[in-house]
>>> print(open('coords-v7.cif').read())   # mmCIF, C-alpha atoms and all ligand atoms
data_model
#
loop_
_atom_site.label_atom_id
_atom_site.label_comp_id
_atom_site.auth_asym_id
_atom_site.auth_seq_id
_atom_site.Cartn_x
_atom_site.Cartn_y
_atom_site.Cartn_z
CA MET A 1192 10.75 -9.32 -14.98
CA SER A 1193 10.83 -6.53 -12.40
CA ALA A 1194 14.63 -6.37 -12.44
CA ASP A 1195 14.76 -3.06 -14.29
CA LEU A 1196 12.14 -1.24 -12.21
CA PRO A 1197 13.24 1.24 -9.55
CA PHE A 1198 13.28 -0.19 -6.01
CA PHE A 1199 10.63 1.08 -3.59
CA ARG A 1200 11.63 0.49 0.03
CA TYR A 1201 8.03 0.83 1.23
CA HIS A 1202 6.42 -1.07 -1.64
CA PRO A 1203 8.96 -3.72 -2.68
CA ASP A 1204 6.86 -5.57 -5.26
CA PRO A 1205 4.38 -3.19 -6.93
CA LEU A 1206 3.91 -5.66 -9.80
CA ALA A 1207 2.68 -8.36 -7.40
CA SER A 1208 0.35 -5.90 -5.66
CA GLY A 1209 -0.98 -4.68 -9.02
CA SER A 1210 -0.04 -1.04 -8.39
CA ILE A 1211 2.22 -1.07 -11.43
CA ARG A 1212 1.41 -3.05 -14.56
CA ALA A 1213 2.91 -3.56 -17.99
CA SER A 1214 1.49 -0.99 -20.41
CA ALA A 1215 2.41 0.94 -23.55
CA GLU A 1216 0.70 4.03 -22.06
CA LYS A 1217 2.76 7.23 -21.92
CA CYS A 1218 3.65 8.71 -18.55
CA ALA A 1219 1.70 11.91 -17.72
CA CYS A 1220 4.86 13.42 -16.21
CA CYS A 1221 7.81 12.56 -18.50
CA HIS A 1222 5.69 11.63 -21.56
CA ARG A 1223 7.81 8.56 -22.19
CA SER A 1224 6.42 5.13 -22.82
CA THR A 1225 8.51 2.99 -20.47
CA GLY A 1226 6.45 -0.19 -20.71
CA TRP A 1227 5.10 0.25 -17.16
CA ILE A 1228 2.32 2.37 -15.70
CA TYR A 1229 1.00 3.15 -12.22
CA THR A 1230 -2.60 2.04 -11.52
CA ALA A 1231 -3.44 3.19 -8.00
CA THR A 1232 -4.24 6.33 -6.00
CA PHE A 1233 -2.84 9.83 -6.50
CA TYR A 1234 -4.31 12.77 -4.63
CA THR A 1235 -3.96 16.15 -6.29
CA ALA A 1236 -6.07 19.24 -6.96
CA GLN A 1237 -4.64 19.43 -10.48
CA ASP A 1238 -5.79 17.72 -13.66
CA VAL A 1239 -3.55 14.80 -14.54
CA ASP A 1240 -4.00 13.40 -18.01
CA GLY A 1241 -3.19 9.73 -17.50
CA SER A 1242 -0.87 8.08 -15.01
CA PHE A 1243 2.82 7.80 -14.18
CA CYS A 1244 5.76 5.60 -14.97
CA PRO A 1245 7.60 4.03 -11.99
CA TRP A 1246 10.62 6.31 -12.50
CA CYS A 1247 8.64 9.55 -12.12
CA ILE A 1248 7.23 8.09 -8.88
CA ALA A 1249 10.65 6.96 -7.59
CA ASP A 1250 12.45 10.27 -8.17
CA GLY A 1251 9.57 12.36 -6.82
CA SER A 1252 9.02 14.27 -10.06
CA ALA A 1253 5.35 13.24 -10.48
CA ALA A 1254 4.42 14.28 -6.93
CA GLU A 1255 6.34 17.54 -7.28
CA ARG A 1256 5.05 18.50 -10.71
CA PHE A 1257 1.39 17.87 -9.84
CA ALA A 1258 1.67 18.83 -6.16
CA GLY A 1259 0.15 15.53 -5.13
CA GLU A 1260 0.54 12.54 -2.82
CA PHE A 1261 0.29 8.81 -3.47
CA ILE A 1262 -1.27 8.06 -0.12
CA ASP A 1263 -3.43 9.70 2.46
CA ALA A 1264 -0.85 10.24 5.18
CA TYR A 1265 -3.51 10.51 7.89
CA GLY A 1266 -2.50 8.51 10.95
CA LEU A 1267 1.14 8.16 9.95
CA ASP A 1268 2.48 10.48 12.64
CA GLY A 1269 4.82 8.12 14.47
CA ILE A 1270 7.49 8.19 11.77
CA SER A 1271 10.24 10.58 10.68
CA LYS A 1272 9.58 13.42 8.26
CA GLU A 1273 11.92 11.76 5.76
CA ALA A 1274 10.01 8.47 5.85
CA LEU A 1275 6.67 10.26 5.55
CA GLU A 1276 7.97 12.23 2.59
CA GLU A 1277 9.21 9.05 0.89
CA VAL A 1278 5.89 7.21 1.37
CA ALA A 1279 3.72 10.14 0.30
CA HIS A 1280 5.79 11.41 -2.64
CA ARG A 1281 8.07 8.63 -3.88
CA THR A 1282 6.21 5.36 -3.24
CA PRO A 1283 3.40 3.76 -5.30
CA GLY A 1284 0.13 3.60 -3.37
CA PHE A 1285 -2.45 0.83 -3.74
CA GLN A 1286 -6.11 0.31 -4.57
CA ALA A 1287 -8.56 -0.50 -1.78
CA TRP A 1288 -12.29 -0.34 -1.17
CA GLN A 1289 -11.84 2.13 1.66
CA ASP A 1290 -9.40 5.01 1.52
CA PRO A 1291 -6.07 3.22 1.68
CA HIS A 1292 -3.95 3.90 4.71
CA TRP A 1293 -0.37 3.03 5.46
CA LEU A 1294 0.71 1.15 8.58
CA ASP A 1295 3.81 1.88 10.63
CA HIS A 1296 5.90 -0.05 13.17
CA CYS A 1297 9.16 0.61 15.05
CA HIS A 1298 8.86 4.34 14.22
CA ASP A 1299 9.13 3.71 10.50
CA ALA A 1300 6.57 3.25 7.75
CA ALA A 1301 5.97 -0.44 6.97
CA ALA A 1302 6.44 -2.00 3.53
CA PHE A 1303 3.18 -2.73 1.72
CA LEU A 1304 3.05 -6.34 0.48
CA GLY A 1305 -0.43 -6.55 -1.02
CA GLU A 1306 -4.09 -7.37 -0.57
CA VAL A 1307 -4.49 -10.87 0.88
CA GLY A 1308 -7.04 -13.40 2.09
CA TYR A 1309 -6.90 -15.92 4.92
CA THR A 1310 -4.70 -18.36 2.98
CA GLU A 1311 -1.83 -15.86 2.86
CA LEU A 1312 -2.53 -14.56 6.36
CA ALA A 1313 -2.31 -18.05 7.85
CA ALA A 1314 1.45 -17.87 7.25
CA HIS A 1315 1.66 -14.70 9.35
CA PRO A 1316 0.20 -15.27 12.85
CA ASP A 1317 1.56 -11.86 13.90
CA ALA A 1318 -0.68 -10.15 11.33
CA LEU A 1319 -3.66 -12.31 12.37
CA ASP A 1320 -3.14 -11.31 16.00
CA MET A 1321 -3.15 -7.66 14.99
CA LEU A 1322 -6.42 -8.15 13.10
CA ARG A 1323 -7.97 -9.90 16.13
CA LEU A 1324 -6.98 -7.01 18.37
CA ASP A 1325 -8.38 -4.43 15.90
CA LEU A 1326 -11.65 -6.31 15.56
CA ARG A 1327 -12.03 -6.63 19.34
CA MET A 1328 -11.32 -2.92 19.73
CA SER A 1329 -14.00 -2.14 17.19
CA GLY A 1330 -16.54 -4.15 19.20
CA CYS A 1331 -16.34 -7.73 17.94
CA HIS A 1332 -16.20 -9.73 21.20
CA ASP A 1333 -17.65 -13.04 20.02
CA ALA A 1334 -14.54 -15.21 19.54
CA ALA A 1335 -16.28 -17.72 17.25
CA LYS A 1336 -17.66 -14.96 15.01
CA LEU A 1337 -14.30 -13.27 14.94
CA GLU A 1338 -12.50 -16.43 13.82
CA HIS A 1339 -15.21 -17.07 11.21
CA PHE A 1340 -14.69 -13.57 9.84
CA LEU A 1341 -10.90 -14.04 9.71
CA THR A 1342 -11.01 -17.41 7.99
CA HIS A 1343 -13.33 -15.97 5.33
CA LEU A 1344 -11.10 -13.02 4.48
CA GLY A 1345 -10.46 -12.93 0.76
CA GLY A 1346 -14.14 -12.69 -0.20
CA ALA A 1347 -16.23 -9.59 0.54
CA ALA A 1348 -13.52 -8.39 2.91
CA SER A 1349 -9.80 -8.80 2.62
CA ALA A 1350 -6.70 -7.66 4.46
CA MET A 1351 -3.93 -5.27 3.49
CA LEU A 1352 -0.64 -6.88 4.47
CA PHE A 1353 2.51 -4.96 5.47
CA ARG A 1354 5.90 -5.90 6.92
CA CYS A 1355 7.89 -3.78 9.35
CA THR A 1356 11.06 -2.59 7.63
CA VAL A 1357 12.91 -2.68 10.97
CA CYS A 1358 11.89 -5.84 12.89
CA GLY A 1359 10.11 -7.83 10.15
CA THR A 1360 6.79 -8.19 12.01
CA HIS A 1361 3.84 -8.62 9.67
CA LEU A 1362 0.96 -6.16 10.08
CA ALA A 1363 -2.48 -5.99 8.50
CA TYR A 1364 -5.76 -4.18 8.52
CA VAL A 1365 -9.16 -5.19 7.15
CA ASP A 1366 -10.52 -3.61 3.98
CA ALA A 1367 -14.16 -4.23 3.07
CA SER A 1368 -16.50 -3.10 0.33
ZN ZN A 1401 7.51 9.22 -16.24
ZN ZN A 1402 8.80 -3.36 13.84
#
>>> encode(input="coords-v7.cif", output="structure tokens")
Amino acid sequence: MSADLPFFRYHPDPLASGSIRASAEKCACCHRSTGWIYTATFYTAQDVDGSFCPWCIADGSAAERFAGEFIDAYGLDGISKEALEEVAHRTPGFQAWQDPHWLDHCHDAAAFLGEVGYTELAAHPDALDMLRLDLRMSGCHDAAKLEHFLTHLGGAASAMLFRCTVCGTHLAYVDAS
């Protein structure tokens, strides 16, 4: 059913992630009713009456017209200007408890796959290892507690899952209410 949507290199399935949903709502940029509407973050100082269709995101017209960005690009400094520009201005963002941030790997922005719990993460040991490292760095040194936290992801806390567009490694960070 997503066959006619524009392709987003850094957010390949925005229907699965919930960032774009079927809707009769008109786009705030092109004023067309395309059948699809964007549901996640957009940072701008201007008033936007409504949200955008996927096409006005993909061609950059929404970001340009309202001088806004779909993500907070803070921390994304290891990637090219072109990639940063594509993620910030031409890629759907996502909803999270905390301010969403984008992960990068191999000097490119990673592709956002969605919010997941332990069940999905279990298939990606590389992402679990990254979470373990992050949690240890932030002071969680009790291995049993750490594993308990990880296996309960999907409840009060969940993980944002990404995949490197270059080497395919899965990456994740924890999002909690
Ligand atoms: Zn539009
Ligand atoms: Zn990589």
>>> residues_around(input="coords-v7.cif", residues="Ser1252 in chain A", least_positions_apart="2", cutoff="10 Å", atoms="all atoms listed in the file", output="PyMOL selection string")
chain A and resi 1220-1221+1243+1246-1250+1254-1258+1280-1281
>>> closest_residue(input="coords-v7.cif", among="A:Gly1359, A:Ile1262, A:Val1239, A:Tyr1309", to="Phe1285 in chain A", atoms="all atoms listed in the file")
A:Ile1262
>>> atom_distance(input="coords-v7.cif", atom1="CA of Ala1300 in chain A", atom2="CA of Ser1329 in chain A")
23.3 Å
>>> closest_atom_pairs(input="coords-v7.cif", of="chain A", to="ligand ZN 1402 (chain A)", cutoff="7 Å", atoms="all atoms listed in the file", output="JSON lines")
{"residue": "A:His1296", "atom": "CA", "partner": "A:ZN1402", "partner_atom": "ZN", "distance": 4.5}
{"residue": "A:Cys1297", "atom": "CA", "partner": "A:ZN1402", "partner_atom": "ZN", "distance": 4.2}
{"residue": "A:Cys1355", "atom": "CA", "partner": "A:ZN1402", "partner_atom": "ZN", "distance": 4.6}
{"residue": "A:Thr1356", "atom": "CA", "partner": "A:ZN1402", "partner_atom": "ZN", "distance": 6.7}
{"residue": "A:Val1357", "atom": "CA", "partner": "A:ZN1402", "partner_atom": "ZN", "distance": 5.1}
{"residue": "A:Cys1358", "atom": "CA", "partner": "A:ZN1402", "partner_atom": "ZN", "distance": 4.1}
{"residue": "A:Gly1359", "atom": "CA", "partner": "A:ZN1402", "partner_atom": "ZN", "distance": 5.9}
{"residue": "A:Thr1360", "atom": "CA", "partner": "A:ZN1402", "partner_atom": "ZN", "distance": 5.5}
>>> closest_residue(input="coords-v7.cif", among="A:Gly1345, A:Pro1197, A:Gly1284, A:Gly1251", to="Gly1209 in chain A", atoms="all atoms listed in the file")
A:Gly1284
>>> closest_residue(input="coords-v7.cif", among="A:Tyr1364, A:His1343, A:Asp1333, A:His1292", to="Asp1320 in chain A", atoms="all atoms listed in the file")
A:Tyr1364
>>> residues_near_point(input="coords-v7.cif", point="(0.6, -4.9, -3.2)", cutoff="10 Å", atoms="only C-alpha atoms", output="list in words")
His1202, Pro1203, Asp1204, Pro1205, Leu1206, Ala1207, Ser1208, Gly1209, Ser1210, Ile1211, Pro1283, Gly1284, Phe1285, Gln1286, Ala1302, Phe1303, Leu1304, Gly1305, Glu1306, Val1307, Met1351, Leu1352 and Phe1353 of chain A
>>> closest_residue(input="coords-v7.cif", among="A:Leu1341, A:Ala1215, A:Ala1335, A:Ala1264", to="Pro1291 in chain A", atoms="all atoms listed in the file")
A:Ala1264
>>> closest_residue(input="coords-v7.cif", among="A:Leu1362, A:Leu1196, A:Cys1218, A:Ala1236", to="ligand ZN 1401 (chain A)", atoms="all atoms listed in the file")
A:Cys1218
>>> atom_distance(input="coords-v7.cif", atom1="CA of Thr1282 in chain A", atom2="CA of Tyr1201 in chain A")
6.6 Å
>>> residues_around(input="coords-v7.cif", residues="Leu1319 in chain A", least_positions_apart="2", cutoff="12 Å", atoms="all atoms listed in the file", output="PyMOL selection string")
chain A and resi 1307-1317+1321-1326+1337-1338+1340-1342+1344+1350-1353+1360-1365
>>> write_last_selection(input="coords-v7.cif", atoms="C-alpha atoms", output="PDB file, keeping the file's coordinate frame")
ATOM      1  CA  VAL A1307      -4.490 -10.870   0.880  1.00  0.00           C
ATOM      2  CA  GLY A1308      -7.040 -13.400   2.090  1.00  0.00           C
ATOM      3  CA  TYR A1309      -6.900 -15.920   4.920  1.00  0.00           C
ATOM      4  CA  THR A1310      -4.700 -18.360   2.980  1.00  0.00           C
ATOM      5  CA  GLU A1311      -1.830 -15.860   2.860  1.00  0.00           C
ATOM      6  CA  LEU A1312      -2.530 -14.560   6.360  1.00  0.00           C
ATOM      7  CA  ALA A1313      -2.310 -18.050   7.850  1.00  0.00           C
ATOM      8  CA  ALA A1314       1.450 -17.870   7.250  1.00  0.00           C
ATOM      9  CA  HIS A1315       1.660 -14.700   9.350  1.00  0.00           C
ATOM     10  CA  PRO A1316       0.200 -15.270  12.850  1.00  0.00           C
ATOM     11  CA  ASP A1317       1.560 -11.860  13.900  1.00  0.00           C
ATOM     12  CA  MET A1321      -3.150  -7.660  14.990  1.00  0.00           C
ATOM     13  CA  LEU A1322      -6.420  -8.150  13.100  1.00  0.00           C
ATOM     14  CA  ARG A1323      -7.970  -9.900  16.130  1.00  0.00           C
ATOM     15  CA  LEU A1324      -6.980  -7.010  18.370  1.00  0.00           C
ATOM     16  CA  ASP A1325      -8.380  -4.430  15.900  1.00  0.00           C
ATOM     17  CA  LEU A1326     -11.650  -6.310  15.560  1.00  0.00           C
ATOM     18  CA  LEU A1337     -14.300 -13.270  14.940  1.00  0.00           C
ATOM     19  CA  GLU A1338     -12.500 -16.430  13.820  1.00  0.00           C
ATOM     20  CA  PHE A1340     -14.690 -13.570   9.840  1.00  0.00           C
ATOM     21  CA  LEU A1341     -10.900 -14.040   9.710  1.00  0.00           C
ATOM     22  CA  THR A1342     -11.010 -17.410   7.990  1.00  0.00           C
ATOM     23  CA  LEU A1344     -11.100 -13.020   4.480  1.00  0.00           C
ATOM     24  CA  ALA A1350      -6.700  -7.660   4.460  1.00  0.00           C
ATOM     25  CA  MET A1351      -3.930  -5.270   3.490  1.00  0.00           C
ATOM     26  CA  LEU A1352      -0.640  -6.880   4.470  1.00  0.00           C
ATOM     27  CA  PHE A1353       2.510  -4.960   5.470  1.00  0.00           C
ATOM     28  CA  THR A1360       6.790  -8.190  12.010  1.00  0.00           C
ATOM     29  CA  HIS A1361       3.840  -8.620   9.670  1.00  0.00           C
ATOM     30  CA  LEU A1362       0.960  -6.160  10.080  1.00  0.00           C
ATOM     31  CA  ALA A1363      -2.480  -5.990   8.500  1.00  0.00           C
ATOM     32  CA  TYR A1364      -5.760  -4.180   8.520  1.00  0.00           C
ATOM     33  CA  VAL A1365      -9.160  -5.190   7.150  1.00  0.00           C
TER      34      VAL A1365
END
>>> residues_around(input="coords-v7.cif", residues="Tyr1265 in chain A", least_positions_apart="4", cutoff="12 Å", atoms="all atoms listed in the file", output="PyMOL selection string")
chain A and resi 1260+1269-1270+1275+1278-1279+1290-1295
>>> atom_distance(input="coords-v7.cif", atom1="CA of Ala1253 in chain A", atom2="CA of Ala1213 in chain A")
18.6 Å
>>> decode(input="coords-v7.cif", residues="range 1273-1292 of chain A", atoms="N, CA and C atoms", output="mmCIF file, in the first residue's frame")
data_model
loop_
_atom_site.group_PDB
_atom_site.id
_atom_site.type_symbol
_atom_site.label_atom_id
_atom_site.label_comp_id
_atom_site.auth_asym_id
_atom_site.auth_seq_id
_atom_site.Cartn_x
_atom_site.Cartn_y
_atom_site.Cartn_z
ATOM 1 N N GLU A 1273 25.407 17.255 2.734
ATOM 2 C CA GLU A 1273 24.293 16.803 1.887
ATOM 3 C C GLU A 1273 23.375 15.857 2.664
ATOM 4 N N ALA A 1274 24.002 14.924 3.413
ATOM 5 C CA ALA A 1274 23.204 13.961 4.179
ATOM 6 C C ALA A 1274 22.434 14.680 5.280
ATOM 7 N N LEU A 1275 23.090 15.618 5.946
ATOM 8 C CA LEU A 1275 22.453 16.375 7.010
ATOM 9 C C LEU A 1275 21.259 17.144 6.470
ATOM 10 N N GLU A 1276 21.454 17.752 5.320
ATOM 11 C CA GLU A 1276 20.397 18.525 4.663
ATOM 12 C C GLU A 1276 19.216 17.615 4.295
ATOM 13 N N GLU A 1277 19.522 16.408 3.817
ATOM 14 C CA GLU A 1277 18.443 15.490 3.446
ATOM 15 C C GLU A 1277 17.653 15.025 4.680
ATOM 16 N N VAL A 1278 18.351 14.717 5.776
ATOM 17 C CA VAL A 1278 17.666 14.260 6.984
ATOM 18 C C VAL A 1278 16.839 15.393 7.598
ATOM 19 N N ALA A 1279 17.408 16.573 7.654
ATOM 20 C CA ALA A 1279 16.723 17.681 8.332
ATOM 21 C C ALA A 1279 15.575 18.259 7.510
ATOM 22 N N HIS A 1280 15.708 18.278 6.193
ATOM 23 C CA HIS A 1280 14.733 18.999 5.355
ATOM 24 C C HIS A 1280 13.891 18.141 4.422
ATOM 25 N N ARG A 1281 14.296 16.889 4.195
ATOM 26 C CA ARG A 1281 13.554 16.077 3.218
ATOM 27 C C ARG A 1281 13.240 14.679 3.721
ATOM 28 N N THR A 1282 13.258 14.481 5.041
ATOM 29 C CA THR A 1282 13.006 13.158 5.620
ATOM 30 C C THR A 1282 12.003 13.276 6.759
ATOM 31 N N PRO A 1283 10.963 12.429 6.797
ATOM 32 C CA PRO A 1283 10.016 12.478 7.917
ATOM 33 C C PRO A 1283 10.736 12.175 9.234
ATOM 34 N N GLY A 1284 10.433 12.911 10.270
ATOM 35 C CA GLY A 1284 10.971 12.628 11.597
ATOM 36 C C GLY A 1284 10.136 11.559 12.276
ATOM 37 N N PHE A 1285 10.204 11.493 13.605
ATOM 38 C CA PHE A 1285 9.390 10.501 14.318
ATOM 39 C C PHE A 1285 9.022 11.036 15.695
ATOM 40 N N GLN A 1286 8.010 10.447 16.288
ATOM 41 C CA GLN A 1286 7.577 10.825 17.627
ATOM 42 C C GLN A 1286 8.368 10.052 18.665
ATOM 43 N N ALA A 1287 8.736 10.725 19.754
ATOM 44 C CA ALA A 1287 9.415 10.049 20.855
ATOM 45 C C ALA A 1287 9.070 10.791 22.134
ATOM 46 N N TRP A 1288 9.321 10.140 23.270
ATOM 47 C CA TRP A 1288 9.087 10.815 24.552
ATOM 48 C C TRP A 1288 10.052 11.968 24.698
ATOM 49 N N GLN A 1289 11.346 11.639 24.511
ATOM 50 C CA GLN A 1289 12.385 12.660 24.588
ATOM 51 C C GLN A 1289 12.525 13.284 23.206
ATOM 52 N N ASP A 1290 13.217 14.418 23.143
ATOM 53 C CA ASP A 1290 13.480 15.011 21.836
ATOM 54 C C ASP A 1290 14.145 13.970 20.955
ATOM 55 N N PRO A 1291 13.529 13.667 19.811
ATOM 56 C CA PRO A 1291 14.096 12.612 18.969
ATOM 57 C C PRO A 1291 15.480 13.009 18.466
ATOM 58 N N HIS A 1292 16.400 12.064 18.425
ATOM 59 C CA HIS A 1292 17.640 12.372 17.723
ATOM 60 C C HIS A 1292 18.010 11.253 16.758
#
